[in-house]
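Dumped run_27.txt below, it's compact mmCIF, C-alpha atoms:
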# COMPACT_ATOMS: atom_id res chain seq x y z
CA MET B 28 165.46 98.10 -109.52
CA ASP B 29 168.71 99.94 -108.74
CA GLU B 30 171.90 97.91 -108.42
CA ARG B 31 172.47 98.29 -104.70
CA LYS B 32 174.91 95.44 -104.05
CA SER B 33 178.28 94.77 -105.53
CA CYS B 34 178.59 91.24 -104.16
CA ALA B 35 176.40 88.27 -103.32
CA PHE B 36 174.83 87.96 -99.87
CA ARG B 37 172.11 86.00 -98.07
CA THR B 38 168.81 87.73 -97.44
CA SER B 39 166.29 87.16 -94.68
CA ILE B 40 163.46 87.87 -97.14
CA GLY B 41 161.29 84.82 -97.64
CA GLY B 42 158.11 84.02 -99.47
CA GLN B 43 155.21 81.71 -100.07
CA ALA B 44 153.39 80.62 -103.21
CA LEU B 45 149.70 81.50 -103.41
CA ILE B 46 146.87 80.94 -105.87
CA GLU B 47 148.22 82.76 -108.92
CA GLY B 48 150.43 84.90 -106.75
CA ILE B 49 153.30 85.33 -104.32
CA LEU B 50 153.68 86.45 -100.71
CA MET B 51 157.04 88.04 -99.87
CA ARG B 52 158.00 88.88 -96.30
CA GLY B 53 160.82 91.34 -95.60
CA PRO B 54 162.25 92.82 -92.40
CA GLU B 55 159.82 95.76 -92.40
CA LYS B 56 156.80 94.79 -94.49
CA GLN B 57 155.17 92.01 -96.42
CA ALA B 58 153.66 92.13 -99.88
CA VAL B 59 151.12 89.99 -101.70
CA VAL B 60 151.08 90.22 -105.50
CA VAL B 61 148.35 88.31 -107.35
CA ARG B 62 147.66 88.09 -111.06
CA ASP B 63 143.91 88.54 -111.49
CA GLN B 64 141.72 86.92 -114.15
CA ASP B 65 142.36 89.85 -116.51
CA GLY B 66 146.11 89.29 -116.31
CA ASN B 67 146.84 92.37 -114.17
CA LEU B 68 149.11 92.32 -111.12
CA VAL B 69 147.26 93.35 -107.95
CA GLU B 70 149.49 94.50 -105.08
CA LYS B 71 148.84 94.55 -101.34
CA VAL B 72 151.57 95.81 -99.00
CA GLU B 73 151.35 95.84 -95.20
CA PRO B 74 153.82 96.84 -92.48
CA LEU B 75 155.27 93.90 -90.62
CA LYS B 76 154.26 93.74 -86.96
CA LEU B 77 156.59 91.45 -85.04
CA ILE B 78 155.34 90.05 -81.75
CA LYS B 79 158.88 90.09 -80.36
CA ASP B 80 158.81 93.91 -80.51
CA ARG B 81 156.00 93.84 -77.92
CA PHE B 82 157.26 90.83 -75.99
CA PRO B 83 161.09 90.62 -76.24
CA LEU B 84 161.10 87.29 -74.39
CA LEU B 85 159.46 85.65 -77.43
CA GLY B 86 162.45 86.64 -79.55
CA LEU B 87 164.95 84.56 -77.57
CA PRO B 88 166.61 81.51 -79.18
CA LEU B 89 164.59 78.26 -79.04
CA ILE B 90 161.46 80.26 -78.10
CA ARG B 91 161.36 82.38 -81.28
CA GLY B 92 161.19 79.33 -83.55
CA ALA B 93 157.68 78.24 -82.53
CA VAL B 94 156.48 81.86 -82.33
CA ASN B 95 157.75 82.72 -85.81
CA PHE B 96 156.35 79.49 -87.21
CA LEU B 97 152.85 80.27 -85.93
CA ALA B 98 153.06 83.87 -87.14
CA ALA B 99 154.19 82.75 -90.59
CA MET B 100 151.36 80.21 -90.79
CA ALA B 101 148.75 82.83 -89.88
CA ALA B 102 150.15 85.31 -92.41
CA GLY B 103 150.30 82.60 -95.06
CA VAL B 104 146.70 81.50 -94.53
CA LYS B 105 145.51 85.12 -94.66
CA ALA B 106 147.41 85.73 -97.91
CA LEU B 107 146.10 82.48 -99.38
CA MET B 108 142.52 83.49 -98.60
CA TYR B 109 143.14 86.89 -100.19
CA SER B 110 144.53 85.34 -103.39
CA ALA B 111 141.59 82.92 -103.57
CA GLU B 112 139.17 85.87 -103.74
CA PHE B 113 140.39 86.58 -107.28
CA TYR B 114 139.49 83.04 -108.38
CA PRO B 115 136.16 82.20 -106.72
CA ASP B 116 134.76 78.69 -106.92
CA GLU B 117 132.16 78.64 -109.69
CA GLU B 118 130.08 76.17 -107.72
CA GLY B 119 129.82 78.68 -104.90
CA ASP B 120 128.19 81.47 -106.90
CA GLY B 121 124.65 80.67 -105.74
CA GLU B 122 122.75 81.89 -102.69
CA PRO B 123 124.73 81.88 -99.42
CA SER B 124 123.78 79.21 -96.92
CA LYS B 125 121.83 79.99 -93.74
CA LEU B 126 125.04 79.63 -91.74
CA GLU B 127 126.84 82.13 -94.01
CA GLN B 128 123.94 84.56 -93.72
CA TRP B 129 123.94 84.26 -89.90
CA LEU B 130 127.71 84.80 -89.72
CA GLU B 131 127.49 87.88 -91.95
CA ALA B 132 124.69 89.32 -89.81
CA HIS B 133 126.25 88.68 -86.39
CA ILE B 134 130.02 88.84 -86.85
CA SER B 135 132.04 91.67 -88.38
CA SER B 136 134.09 90.82 -91.46
CA LYS B 137 137.41 91.45 -89.66
CA ARG B 138 136.47 89.25 -86.73
CA LEU B 139 135.13 86.55 -89.03
CA GLU B 140 138.38 86.61 -91.02
CA ALA B 141 140.38 86.28 -87.80
CA VAL B 142 138.24 83.32 -86.72
CA VAL B 143 138.62 81.59 -90.11
CA ILE B 144 142.39 82.14 -90.09
CA ALA B 145 142.67 80.79 -86.53
CA ILE B 146 140.63 77.70 -87.44
CA ALA B 147 142.71 77.13 -90.59
CA VAL B 148 145.99 77.42 -88.66
CA VAL B 149 144.77 75.02 -85.96
CA MET B 150 143.55 72.54 -88.58
CA GLY B 151 146.81 72.83 -90.53
CA ILE B 152 148.91 72.22 -87.44
CA GLY B 153 146.55 69.47 -86.31
CA LEU B 154 146.80 67.65 -89.65
CA SER B 155 150.60 67.92 -89.65
CA VAL B 156 150.83 66.68 -86.06
CA PHE B 157 148.52 63.77 -86.80
CA LEU B 158 150.22 62.68 -90.03
CA PHE B 159 153.85 63.13 -89.07
CA LEU B 160 153.86 62.58 -85.28
CA MET B 161 150.74 60.76 -84.04
CA LEU B 162 150.11 58.36 -86.93
CA PRO B 163 153.65 56.86 -86.97
CA THR B 164 153.46 56.34 -83.19
CA LEU B 165 150.04 54.69 -83.38
CA LEU B 166 151.00 52.49 -86.34
CA THR B 167 154.18 51.40 -84.57
CA GLY B 168 152.17 50.57 -81.45
CA LEU B 169 149.80 48.40 -83.49
CA LEU B 170 152.63 46.60 -85.26
CA LEU B 171 154.48 45.87 -82.04
CA ARG B 172 151.48 44.17 -80.48
CA TRP B 173 152.58 41.14 -82.47
CA PHE B 174 156.21 41.61 -81.35
CA PRO B 175 156.10 42.46 -77.64
CA ASP B 176 159.82 41.73 -77.18
CA PHE B 177 160.89 44.20 -79.88
CA PRO B 178 163.69 46.40 -78.43
CA LEU B 179 162.92 50.03 -77.60
CA TRP B 180 165.70 51.36 -79.82
CA GLY B 181 164.18 49.41 -82.70
CA ARG B 182 160.80 50.99 -82.00
CA ASN B 183 162.38 54.46 -82.16
CA VAL B 184 164.01 53.60 -85.49
CA LEU B 185 160.73 52.22 -86.87
CA GLU B 186 158.81 55.31 -85.78
CA GLY B 187 161.39 57.54 -87.40
CA ALA B 188 161.29 55.57 -90.65
CA LEU B 189 157.48 55.81 -90.73
CA LYS B 190 157.61 59.59 -90.19
CA ILE B 191 159.92 60.05 -93.15
CA ALA B 192 157.93 57.61 -95.33
CA ILE B 193 154.62 59.35 -94.59
CA PHE B 194 156.16 62.76 -95.26
CA LEU B 195 157.55 61.61 -98.63
CA ALA B 196 154.23 60.02 -99.57
CA TYR B 197 152.40 63.23 -98.65
CA LEU B 198 154.73 65.35 -100.80
CA ALA B 199 154.43 62.91 -103.72
CA PHE B 200 150.63 62.97 -103.47
CA CYS B 201 150.48 66.77 -103.40
CA SER B 202 152.87 67.11 -106.34
CA ARG B 203 150.54 65.01 -108.52
CA GLN B 204 147.48 67.22 -107.98
CA LYS B 205 146.72 69.35 -111.05
CA ASP B 206 145.46 72.30 -109.00
CA ILE B 207 148.69 72.33 -106.99
CA TYR B 208 151.01 72.23 -110.00
CA ARG B 209 150.71 75.97 -110.75
CA VAL B 210 151.12 76.82 -107.07
CA PHE B 211 154.39 74.88 -107.10
CA GLN B 212 155.40 76.80 -110.23
CA TYR B 213 154.96 80.03 -108.27
CA HIS B 214 156.99 78.39 -105.51
CA GLY B 215 159.78 77.86 -108.02
CA ALA B 216 159.48 81.49 -109.16
CA GLU B 217 159.82 82.66 -105.55
CA HIS B 218 163.04 80.68 -105.03
CA LYS B 219 164.57 81.76 -108.32
CA THR B 220 163.81 85.43 -107.64
CA ILE B 221 165.38 85.32 -104.18
CA PHE B 222 168.46 83.59 -105.62
CA CYS B 223 168.77 86.32 -108.26
CA TYR B 224 168.50 89.04 -105.61
CA GLU B 225 171.09 87.31 -103.41
CA ALA B 226 173.45 87.08 -106.38
CA GLY B 227 173.33 90.86 -106.73
CA LEU B 228 171.91 90.67 -110.26
CA PRO B 229 169.28 93.04 -111.66
CA LEU B 230 165.83 91.60 -111.08
CA THR B 231 164.77 90.83 -114.63
CA VAL B 232 162.81 87.86 -115.94
CA GLU B 233 165.85 86.81 -117.98
CA ASN B 234 168.19 86.80 -114.96
CA VAL B 235 165.70 85.09 -112.66
CA ARG B 236 164.93 82.37 -115.19
CA LEU B 237 168.57 81.18 -115.05
CA GLN B 238 168.59 80.66 -111.27
CA PRO B 239 168.09 77.29 -109.51
CA ARG B 240 164.65 76.58 -108.07
CA HIS B 241 165.87 74.69 -104.96
CA HIS B 242 166.62 76.99 -102.04
CA PRO B 243 168.25 75.85 -98.74
CA ARG B 244 165.95 78.05 -96.62
CA CYS B 245 162.71 76.68 -98.07
CA GLY B 246 159.75 75.67 -95.92
CA THR B 247 159.89 72.15 -97.36
CA SER B 248 163.41 71.77 -95.99
CA PHE B 249 162.25 73.23 -92.68
CA LEU B 250 159.45 70.64 -92.34
CA PHE B 251 161.83 67.80 -93.16
CA VAL B 252 164.29 69.02 -90.53
CA VAL B 253 161.42 69.26 -88.01
CA ILE B 254 160.70 65.58 -88.60
CA PHE B 255 164.37 64.64 -88.41
CA VAL B 256 164.94 66.65 -85.21
CA SER B 257 161.80 65.13 -83.67
CA ILE B 258 163.29 61.68 -84.34
CA LEU B 259 166.55 62.63 -82.60
CA VAL B 260 164.88 64.36 -79.64
CA SER B 261 162.35 61.59 -79.05
CA SER B 262 165.10 58.94 -79.31
CA VAL B 263 167.06 60.72 -76.58
CA VAL B 264 163.99 61.26 -74.38
CA PHE B 265 162.67 57.72 -74.75
CA GLY B 266 166.20 56.37 -74.31
CA ILE B 267 166.39 58.07 -70.90
CA TRP B 268 162.73 57.50 -70.06
CA PRO B 269 161.62 54.23 -71.67
CA MET B 270 157.96 54.27 -72.63
CA THR B 271 155.95 51.77 -74.70
CA ASN B 272 152.38 53.02 -74.31
CA ALA B 273 151.35 54.58 -77.66
CA GLY B 274 149.08 57.16 -76.04
CA MET B 275 151.77 58.39 -73.64
CA ARG B 276 154.39 58.46 -76.38
CA THR B 277 152.05 60.58 -78.52
CA LEU B 278 151.51 62.97 -75.61
CA VAL B 279 155.26 63.31 -75.08
CA HIS B 280 155.71 64.04 -78.80
CA LEU B 281 153.18 66.87 -78.52
CA VAL B 282 154.86 68.32 -75.42
CA LEU B 283 158.24 68.21 -77.17
CA LEU B 284 156.95 69.82 -80.38
CA PRO B 285 157.68 73.48 -79.44
CA LEU B 286 161.24 72.49 -78.49
CA VAL B 287 161.65 70.56 -81.75
CA VAL B 288 160.46 73.54 -83.81
CA GLY B 289 162.75 75.84 -81.81
CA ILE B 290 165.80 73.65 -82.41
CA THR B 291 164.92 73.36 -86.12
CA TYR B 292 164.59 77.13 -86.46
CA GLU B 293 168.03 77.73 -84.94
CA PHE B 294 169.51 74.96 -87.09
CA ASN B 295 168.06 76.53 -90.24
CA ARG B 296 169.46 79.93 -89.27
CA TRP B 297 172.93 78.44 -88.91
CA VAL B 298 172.68 76.46 -92.14
CA GLY B 299 171.32 79.48 -94.02
CA ALA B 300 174.29 81.55 -92.91
CA HIS B 301 176.95 78.94 -93.79
CA VAL B 302 175.57 76.76 -96.59
CA GLN B 303 177.65 78.39 -99.33
CA GLU B 304 181.04 77.88 -97.71
CA ASN B 305 180.59 75.10 -95.13
CA ARG B 306 180.77 71.48 -96.33
CA LEU B 307 178.82 70.16 -93.33
CA ALA B 308 176.01 72.67 -93.93
CA LYS B 309 175.81 71.58 -97.57
CA ILE B 310 175.54 67.93 -96.55
CA LEU B 311 172.85 68.67 -93.98
CA THR B 312 170.72 70.62 -96.46
CA ALA B 313 170.99 68.04 -99.25
CA PRO B 314 167.90 65.94 -98.25
CA GLY B 315 165.69 69.05 -97.95
CA LEU B 316 166.90 70.34 -101.31
CA TRP B 317 166.12 66.99 -102.93
CA MET B 318 162.58 67.05 -101.50
CA GLN B 319 161.96 70.36 -103.25
CA ASN B 320 161.73 68.33 -106.45
CA PHE B 321 158.21 67.56 -105.21
CA THR B 322 157.23 71.11 -104.18
CA THR B 323 158.76 73.36 -106.85
CA ASN B 324 158.21 73.42 -110.61
CA GLU B 325 159.76 75.52 -113.34
CA PRO B 326 157.74 78.76 -113.56
CA GLU B 327 156.35 80.67 -116.51
CA ASP B 328 157.69 84.15 -117.26
CA GLY B 329 154.49 85.77 -115.96
CA MET B 330 154.96 83.99 -112.64
CA ILE B 331 158.53 85.22 -112.44
CA ALA B 332 157.36 88.79 -113.09
CA CYS B 333 154.87 88.42 -110.23
CA ALA B 334 157.60 87.17 -107.87
CA ILE B 335 159.95 89.99 -108.89
CA ARG B 336 157.35 92.63 -108.13
CA ALA B 337 156.55 91.05 -104.74
CA LEU B 338 160.24 91.02 -103.82
CA GLU B 339 160.80 94.61 -104.95
CA LEU B 340 158.00 95.77 -102.65
CA VAL B 341 159.67 94.41 -99.49
CA ILE B 342 163.33 95.30 -100.09
CA PRO B 343 164.25 97.73 -97.27
CA GLU B 344 165.50 101.20 -98.09
CA GLU B 345 168.47 100.74 -95.80
CA GLN B 346 170.96 98.55 -97.65
CA GLY B 347 171.86 95.38 -95.77
CA LYS B 348 168.98 95.55 -93.31
CA ASP B 349 167.63 92.31 -94.72
CA ALA B 350 170.96 90.45 -94.42
CA TRP B 351 170.57 86.93 -92.99

What would you get if you wrote out this structure as structure tokens?
Amino acid sequence: MDERKSCAFRTSIGGQALIEGILMRGPEKQAVVVRDQDGNLVEKVEPLKLIKDRFPLLGLPLIRGAVNFLAAMAAGVKALMYSAEFYPDEEGDGEPSKLEQWLEAHISSKRLEAVVIAIAVVMGIGLSVFLFLMLPTLLTGLLLRWFPDFPLWGRNVLEGALKIAIFLAYLAFCSRQKDIYRVFQYHGAEHKTIFCYEAGLPLTVENVRLQPRHHPRCGTSFLFVVIFVSILVSSVVFGIWPMTNAGMRTLVHLVLLPLVVGITYEFNRWVGAHVQENRLAKILTAPGLWMQNFTTNEPEDGMIACAIRALELVIPEEQGKDAW
């Protein structure tokens, strides 16, 4: 890579860890680089199609957060499915089931892929909503049946505490799964590579290895802030509009979710732009950085090489076009 920058900067390029690979997303294109079973790097580069280019309204502040979140989830699921093709499940090498045969005969591969991605995104969002929004509300409702005179502000605090506790338990559980450990190593390689690029250093394994693996613009931090913002927003809403029914509170949480994601997105943009020089931004990012101890591991050199190649493929030709 040519040395194109003389000083450090913050890039808008972001990534995602895959099965033995990395997804990097730049301002113009995204790249998936996977190390196959023979040890070779397989590259897949696609132009980036932004929905806001077709519908400018969806690029406005507060609206763009939910839109970009859904787009990133869909792209991530698609890339994850692609990386999984290089490491098929040995138990699935037998004859396809009748359902698989019917789907192959009646639905085109592209349409089937789109359906699978849509289902995966819906299930992923559904699981997150249930674990981190619905379950705390339902558990709080059950607990307060024994304490009917419990104050509303106390209920909001209890719900918030349960959201954070469930999120931490979920991260701890995932971090202990053997199959996830290598994925989290690739996650660490992604962060280190982006740090190296932002520092203006040549993208070499040696330089990347020295970088920190906790990045302030990580998805883990984003999810934590979503939970924290949802606590603040729901506390304000339920403070103005007192509500004790668990079902109605859950419904309100769901209605508020796009707003919560939108606020979180704008918050992360501000923090990402000021975290290096603003003390408040550093304080606000500290909990999310700490949680990355669960979701990032120190990578191997081969993983770093994979992340470097993925990043190189999405760096725009026009210098500074990827500035945050």

*asked:* Just checking: using all atoms listed in the file, which residue out of B:Ser110, B:Ala350, B:Glu233, B:Val104 ends up closest to B:Met150?
replied: B:Val104

Per residue of stretch 252-299 of chain B within 9 Å of stretch 188-205 of chain B, which atom pair is closest and at what distance in Å (one decimal), using all atoms listed in the file, listed by chain and increasing number, as JSON lines?
{"residue": "B:Ile254", "atom": "CA", "partner": "B:Lys190", "partner_atom": "CA", "distance": 6.9}
{"residue": "B:Phe255", "atom": "CA", "partner": "B:Ile191", "partner_atom": "CA", "distance": 8.0}
{"residue": "B:Ile258", "atom": "CA", "partner": "B:Lys190", "partner_atom": "CA", "distance": 8.4}

*One decimal, Å: what's the distance from atom CA of B:Leu230 over to atom CA of B:Leu338, could you say?*
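Separating atom CA of B:Leu230 from atom CA of B:Leu338 is a distance of 9.2 Å.
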
_Please compute the atom CA of B:Leu166-atom CA of B:Arg182 distance, one decimal, in Å._
10.8 Å

_Pick from B:Ile331, B:Lys56, B:Phe249, B:Gln319 nearest to B:Cys223, counting only C-alpha atoms_ = B:Ile331

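The closest residue to B:Tyr292, picked from B:Pro88, B:Pro74, B:Pro314, B:Gly215 and counting all atoms listed in the file, is B:Pro88.
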
*Have a look at B:Glu55, B:Glu327, B:Glu344, B:Glu186 and name the one nearest to B:Thr271; count only C-alpha atoms.*
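When distances to B:Thr271 are compared using only C-alpha atoms, the smallest one comes from B:Glu186.
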
*Could you state the separation of atom CA of B:Ala93 and atom CA of B:Ala337 in Å, given to one decimal place?*
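Atom-to-atom, atom CA of B:Ala93 to atom CA of B:Ala337, that is 25.7 Å.
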
*Residue nearest B:Gln303 - candidates B:Arg336, B:Asp206, B:Val279, B:Glu225, atoms counted: all atoms listed in the file*: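 Checking each of B:Arg336, B:Asp206, B:Val279, B:Glu225 against B:Gln303, counting all atoms listed in the file, the winner is B:Glu225.
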
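Among the candidates B:Gln346, B:Gly41, B:Asn324, B:Asn234, the one nearest to B:Arg209 when counting only C-alpha atoms is B:Asn324.
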
_So that I can see what lies close to B:Met51, please list as an MDAnalysis selection string the residues with an atom at most 8 Å from it, counting all atoms listed in the file and leaving out residues fewer than 5 positions away in the same chain._
chainID B and resid 40:43 57:59 337:338 341

*Write out as a PyMOL selection string the residues lying within 12 Å of B:Asp65, counting only C-alpha atoms and excluding same-chain residues fewer than 6 positions away.*
chain B and resi 47+113-114

*Would you list the contacts of B:Gly92 as a list in words, taking every protein, DNA or RNA residue within 12 Å and counting only C-alpha atoms, but skipping same-chain residues closer than 5 positions in sequence?*
Lys79, Leu85, Gly86, Leu87, Leu97, Ala98, Ala99, Phe249, Val253, Leu284, Pro285, Leu286, Val287, Val288, Gly289, Ile290, Thr291, Tyr292, Glu293, Phe294, Asn295 and Arg296 of chain B

*asked:* Applying 12 Å and all atoms listed in the file, which residues near B:Thr167 remain after dropping the ones on its own chain fewer than 6 positions away? List them as a list in words.
replied: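 Residues near the query, excluding close chain neighbours: Leu160, Met161, Trp173, Phe174, Pro175, Phe177, Leu179, Gly181, Arg182, Asn183, Val184, Leu185, Glu186, Gly187, Ala188, Leu189, Lys190, Thr271, Asn272, Ala273, Gly274, Arg276 and Thr277 of chain B.
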
*Shell around B:Ile267 at 12 Å using all atoms listed in the file, local window under 4 positions removed, as a list in words*: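 Selected residues are Leu179, Trp180, Val260, Ser261, Ser262 and Val263 of chain B.
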